[in-house]
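Trainee: I have a structure here, written as structure tokens, and I will follow up with some questions on it.
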Amino acid sequence: MGEVEVCYRAKVPPAEAGCFLAAERHLLESIAERIGKILKRKGAERDLIKRTKELRERNKELNCLYGISRIVERRGSIDGILQGIVTLIPASWQYPDIAAARITTGGRTFQTPRFRRTRHRLARAIKVDGTTMGEVEVCYRAKVPPAEAGCFLAAERHLLESIAKRIGVAIELHRAEQQLRLSHMKLRELIEHLQSAREEERHRLAREIHDEMGQALAALKMDVRWLRERFPRRDTESLRMVRSIERFIDITSQNVQRIASELRPVLLDDFGLPEAIRWQVGQFRKRAGIRCRLLTRPGNLTLDHGLSLVIFRIAQELLTNVIRHAAASRAEVRLEKRGGEVLLRVTDDGRGMRRRMDPAHSFGLRGILERVSYWEGEVNIRSGAGVGTTVEVLIPIPA
Ligand SMILES: Nc1ncnc2c1ncn2[C@@H]1O[C@H](COP(=O)(O)OP(=O)(O)O)[C@@H](O)[C@H]1O
Ligand SMILES: [Mg+2]
């Protein structure tokens, strides 16, 4: 690595070997050795400083990339995401105080304060699905000492490359999400359309059953009565038979009424939702033999027909669930208008839902969730062993 020398500027008397003492040779040897050690230590120190600096740069880089991932994961609006990313960038550059960044994409820009395009500029293209969709740039607002290439470090070029890639991925992700949301919305519309088609069909069926069969049974009953009046009183055998037919006709008429009402509760059309729910709760008490309290507020709540029907069907599904799954001894139905919203809450004191909703089998509850979200409402389910189940549906009343 070099040498250390000692010279006499004039001739001196000869010593042990040449003109130097053995001890002097020895001394120079150890001086050279010492210098060597010092140089080695200094080198190591310089190396350490360099590595520390590199590490610091790397750390900034990692922080920046980590920050970007967090912003993307938060899944806000794409504008919020891009503004969040651009704000993070300058801190990762060698001279953060004079660094400024800008993202340009889709005809819009997102930038840090006082961004200005200068000669000290680094830019990378943002690609989405392989197509350039804009760029991300970093500029120094003042001159800086030259670095590895131009005024930027190789690591900085690399970092901007990664940032541009991540922005591309964020945009791609956002697009995919939007598409998903759109197709989900279309699906909901389809479900709602199918539901109303189903309701119409039920309506038609209910009317037909009620009118056609009801009238036919009424006519039959009159004929049978006519027949009965014509049998001689002593023909008890035949009279018993005719009375049995009349009873059978009455039972069938009641069944026809019941089936028609279940298909399409006329009460809903004629007297509104609270009355229809009252009837439904009555049916529930009869079928299930469970005590059930009903609270409606206000009692004369009137809602648009479509919404009434949705709430009526949801109540029907929830009460059927209580019968089928809850093993409850009490239930309660609450129908309330709260500000601009209508609330339906069905509570039971049964065994609670055993496991989390299993999407493959919970078609009843899933149907409710989809319909309620189509109506821009929300569903809350509370359930547990020993506390029973409460399903609460809140739907804004359309203006
Ligand atoms: N009130 C309730 N009490 C206890 N478990 C319930 C209740 N309601 C629903 N569940 C549970 O949630 C599951 C999903 O309900 P649902 O989507 O209506 O499907 P289904 O009634 O066709 O089984 C039921 O199978 C049942 O295990
Ligand atoms: Mg069900």
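Residues are named by chain letter and number: chains run A, B, ... in the order of the structure tokens, numbers start at 1 in each chain, and ligands are numbered from 1 in the order shown.
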Given a cut-off of 9 Å, what residues near ligand 2 show up using only C-alpha atoms and all ligand atoms, put as a VMD selection string?

Mentor: chain A and resid 317 to 322 324 to 325 362 to 365

Trainee: If you count only C-alpha atoms and all ligand atoms, which residues end up within 12 Å of ligand 1, as a VMD selection string?

Mentor: chain A and resid 314 to 332 345 to 370 381 to 392

Trainee: Which residues of segment 119-147 of chain A come within 12 Å of segment 80-83 of chain A, and for each one, what is the closest pair of atoms and their distance in Å to one decimal, counting only C-alpha atoms, sorted by chain and residue number, as JSON lines?

Mentor:
```
{"residue": "A:Ile126", "atom": "CA", "partner": "A:Leu82", "partner_atom": "CA", "distance": 12.0}
{"residue": "A:Glu135", "atom": "CA", "partner": "A:Leu82", "partner_atom": "CA", "distance": 11.8}
{"residue": "A:Val136", "atom": "CA", "partner": "A:Leu82", "partner_atom": "CA", "distance": 10.4}
```

Trainee: With only C-alpha atoms as the atoms that count, which of A:Arg198, A:Lys127, A:Arg234, A:His158 lies nearest to Glu172 of chain A?

Mentor: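 Of all the options, A:Lys127 lies closest to Glu172 of chain A.
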
Trainee: From the set A:Val333, A:Val138, A:Ala399, A:Ala260, which residue has the shortest atom-to-atom contact distance to Cys292 of chain A, counting only C-alpha atoms?

Mentor: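 Using only C-alpha atoms, Cys292 of chain A sits closest to A:Val333.
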
Trainee: Go through A:Met213, A:Leu153, A:Ala218, A:Met185 and flag the residue nearest Arg371 of chain A, using only C-alpha atoms for the distances.

Mentor: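 Of the candidates, the smallest distance to Arg371 of chain A is held by A:Met185.
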
Trainee: Please determine, counting only C-alpha atoms, which residue among A:Leu220, A:Ile277, A:Leu295, A:Ala10 has the shortest atom-to-atom distance to Arg313 of chain A.

Mentor: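 Looking at the shortest contact to Arg313 of chain A, the residue is A:Ile277.
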
Trainee: Give the strand (DSSP E or B) residues of segment 48-258 of chain A, as assigned by DSSP on the backbone, as an MDAnalysis selection string.

Mentor: chainID A and resid 99:105 108:111 121:128 131:140 149 152

Trainee: Go ahead and save the picked residues with N, CA and C atoms, as an mmCIF file, in the first residue's frame.

Mentor:
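Contents of out_6.cif, as written:
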```cif
data_model
loop_
_atom_site.group_PDB
_atom_site.id
_atom_site.type_symbol
_atom_site.label_atom_id
_atom_site.label_comp_id
_atom_site.auth_asym_id
_atom_site.auth_seq_id
_atom_site.Cartn_x
_atom_site.Cartn_y
_atom_site.Cartn_z
ATOM 1 N N ALA A 99 -36.882 18.547 -2.977
ATOM 2 C CA ALA A 99 -37.459 17.595 -3.941
ATOM 3 C C ALA A 99 -38.972 17.794 -4.017
ATOM 4 N N ALA A 100 -39.548 17.636 -5.220
ATOM 5 C CA ALA A 100 -40.999 17.713 -5.393
ATOM 6 C C ALA A 100 -41.386 16.630 -6.401
ATOM 7 N N ALA A 101 -42.627 16.136 -6.266
ATOM 8 C CA ALA A 101 -43.029 15.030 -7.133
ATOM 9 C C ALA A 101 -44.379 15.304 -7.773
ATOM 10 N N ARG A 102 -44.603 14.642 -8.912
ATOM 11 C CA ARG A 102 -45.871 14.817 -9.620
ATOM 12 C C ARG A 102 -46.245 13.510 -10.304
ATOM 13 N N ILE A 103 -47.553 13.187 -10.243
ATOM 14 C CA ILE A 103 -48.060 12.033 -10.992
ATOM 15 C C ILE A 103 -49.047 12.575 -12.011
ATOM 16 N N THR A 104 -48.873 12.199 -13.251
ATOM 17 C CA THR A 104 -49.804 12.628 -14.294
ATOM 18 C C THR A 104 -50.411 11.369 -14.905
ATOM 19 N N THR A 105 -51.734 11.264 -14.859
ATOM 20 C CA THR A 105 -52.372 10.103 -15.492
ATOM 21 C C THR A 105 -53.828 10.412 -15.808
ATOM 22 N N ARG A 108 -55.102 13.942 -15.554
ATOM 23 C CA ARG A 108 -55.117 14.637 -14.268
ATOM 24 C C ARG A 108 -53.749 14.587 -13.615
ATOM 25 N N THR A 109 -53.482 15.585 -12.755
ATOM 26 C CA THR A 109 -52.186 15.599 -12.086
ATOM 27 C C THR A 109 -52.373 15.641 -10.577
ATOM 28 N N PHE A 110 -51.427 15.019 -9.919
ATOM 29 C CA PHE A 110 -51.382 15.022 -8.455
ATOM 30 C C PHE A 110 -49.955 15.395 -8.112
ATOM 31 N N GLN A 111 -49.762 16.436 -7.282
ATOM 32 C CA GLN A 111 -48.391 16.857 -7.040
ATOM 33 C C GLN A 111 -48.187 17.365 -5.627
ATOM 34 N N ARG A 121 -34.352 16.548 -13.204
ATOM 35 C CA ARG A 121 -35.626 15.840 -13.230
ATOM 36 C C ARG A 121 -35.412 14.371 -13.556
ATOM 37 N N LEU A 122 -36.204 13.533 -12.864
ATOM 38 C CA LEU A 122 -36.175 12.093 -13.095
ATOM 39 C C LEU A 122 -37.624 11.673 -13.326
ATOM 40 N N ALA A 123 -37.885 10.898 -14.383
ATOM 41 C CA ALA A 123 -39.276 10.520 -14.652
ATOM 42 C C ALA A 123 -39.354 9.065 -15.088
ATOM 43 N N ARG A 124 -40.459 8.421 -14.765
ATOM 44 C CA ARG A 124 -40.686 7.041 -15.215
ATOM 45 C C ARG A 124 -42.130 6.907 -15.684
ATOM 46 N N ALA A 125 -42.329 6.074 -16.686
ATOM 47 C CA ALA A 125 -43.683 5.887 -17.232
ATOM 48 C C ALA A 125 -44.517 4.989 -16.307
ATOM 49 N N ILE A 126 -45.810 5.301 -16.230
ATOM 50 C CA ILE A 126 -46.740 4.443 -15.481
ATOM 51 C C ILE A 126 -47.450 3.564 -16.503
ATOM 52 N N LYS A 127 -47.332 2.252 -16.314
ATOM 53 C CA LYS A 127 -47.963 1.351 -17.286
ATOM 54 C C LYS A 127 -49.101 0.577 -16.632
ATOM 55 N N VAL A 128 -50.222 0.511 -17.342
ATOM 56 C CA VAL A 128 -51.349 -0.283 -16.865
ATOM 57 C C VAL A 128 -51.664 -1.297 -17.951
ATOM 58 N N THR A 131 -49.782 -0.814 -21.165
ATOM 59 C CA THR A 131 -49.906 0.435 -21.921
ATOM 60 C C THR A 131 -49.510 1.609 -21.031
ATOM 61 N N THR A 132 -48.741 2.550 -21.630
ATOM 62 C CA THR A 132 -48.349 3.717 -20.847
ATOM 63 C C THR A 132 -49.569 4.589 -20.568
ATOM 64 N N MET A 133 -49.759 4.882 -19.282
ATOM 65 C CA MET A 133 -50.954 5.634 -18.882
ATOM 66 C C MET A 133 -50.606 6.935 -18.188
ATOM 67 N N GLY A 134 -49.326 7.331 -18.271
ATOM 68 C CA GLY A 134 -48.929 8.571 -17.611
ATOM 69 C C GLY A 134 -47.527 8.438 -17.086
ATOM 70 N N GLU A 135 -47.118 9.380 -16.206
ATOM 71 C CA GLU A 135 -45.768 9.270 -15.665
ATOM 72 C C GLU A 135 -45.701 9.797 -14.242
ATOM 73 N N VAL A 136 -44.605 9.414 -13.588
ATOM 74 C CA VAL A 136 -44.329 9.950 -12.264
ATOM 75 C C VAL A 136 -42.954 10.609 -12.335
ATOM 76 N N GLU A 137 -42.862 11.841 -11.800
ATOM 77 C CA GLU A 137 -41.598 12.576 -11.902
ATOM 78 C C GLU A 137 -41.164 13.108 -10.541
ATOM 79 N N VAL A 138 -39.849 13.263 -10.417
ATOM 80 C CA VAL A 138 -39.285 13.927 -9.248
ATOM 81 C C VAL A 138 -38.357 15.012 -9.761
ATOM 82 N N CYS A 139 -38.482 16.240 -9.224
ATOM 83 C CA CYS A 139 -37.584 17.324 -9.632
ATOM 84 C C CYS A 139 -36.957 17.938 -8.399
ATOM 85 N N TYR A 140 -35.700 18.367 -8.534
ATOM 86 C CA TYR A 140 -35.107 19.198 -7.491
ATOM 87 C C TYR A 140 -35.349 20.634 -7.890
ATOM 88 N N ALA A 149 -25.211 9.360 -11.575
ATOM 89 C CA ALA A 149 -25.524 9.654 -12.976
ATOM 90 C C ALA A 149 -26.444 10.856 -12.946
ATOM 91 N N PHE A 152 -28.943 12.276 -9.675
ATOM 92 C CA PHE A 152 -29.675 11.273 -8.887
ATOM 93 C C PHE A 152 -28.827 10.028 -8.653
#
```

Trainee: Which residue, A:Pro96, A:Gly18, A:Gly36, A:Gly76, has the smallest gap to Leu173 of chain A when you use only C-alpha atoms?

Mentor: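 Residue with the minimum atom-to-atom distance to Leu173 of chain A: A:Gly76.
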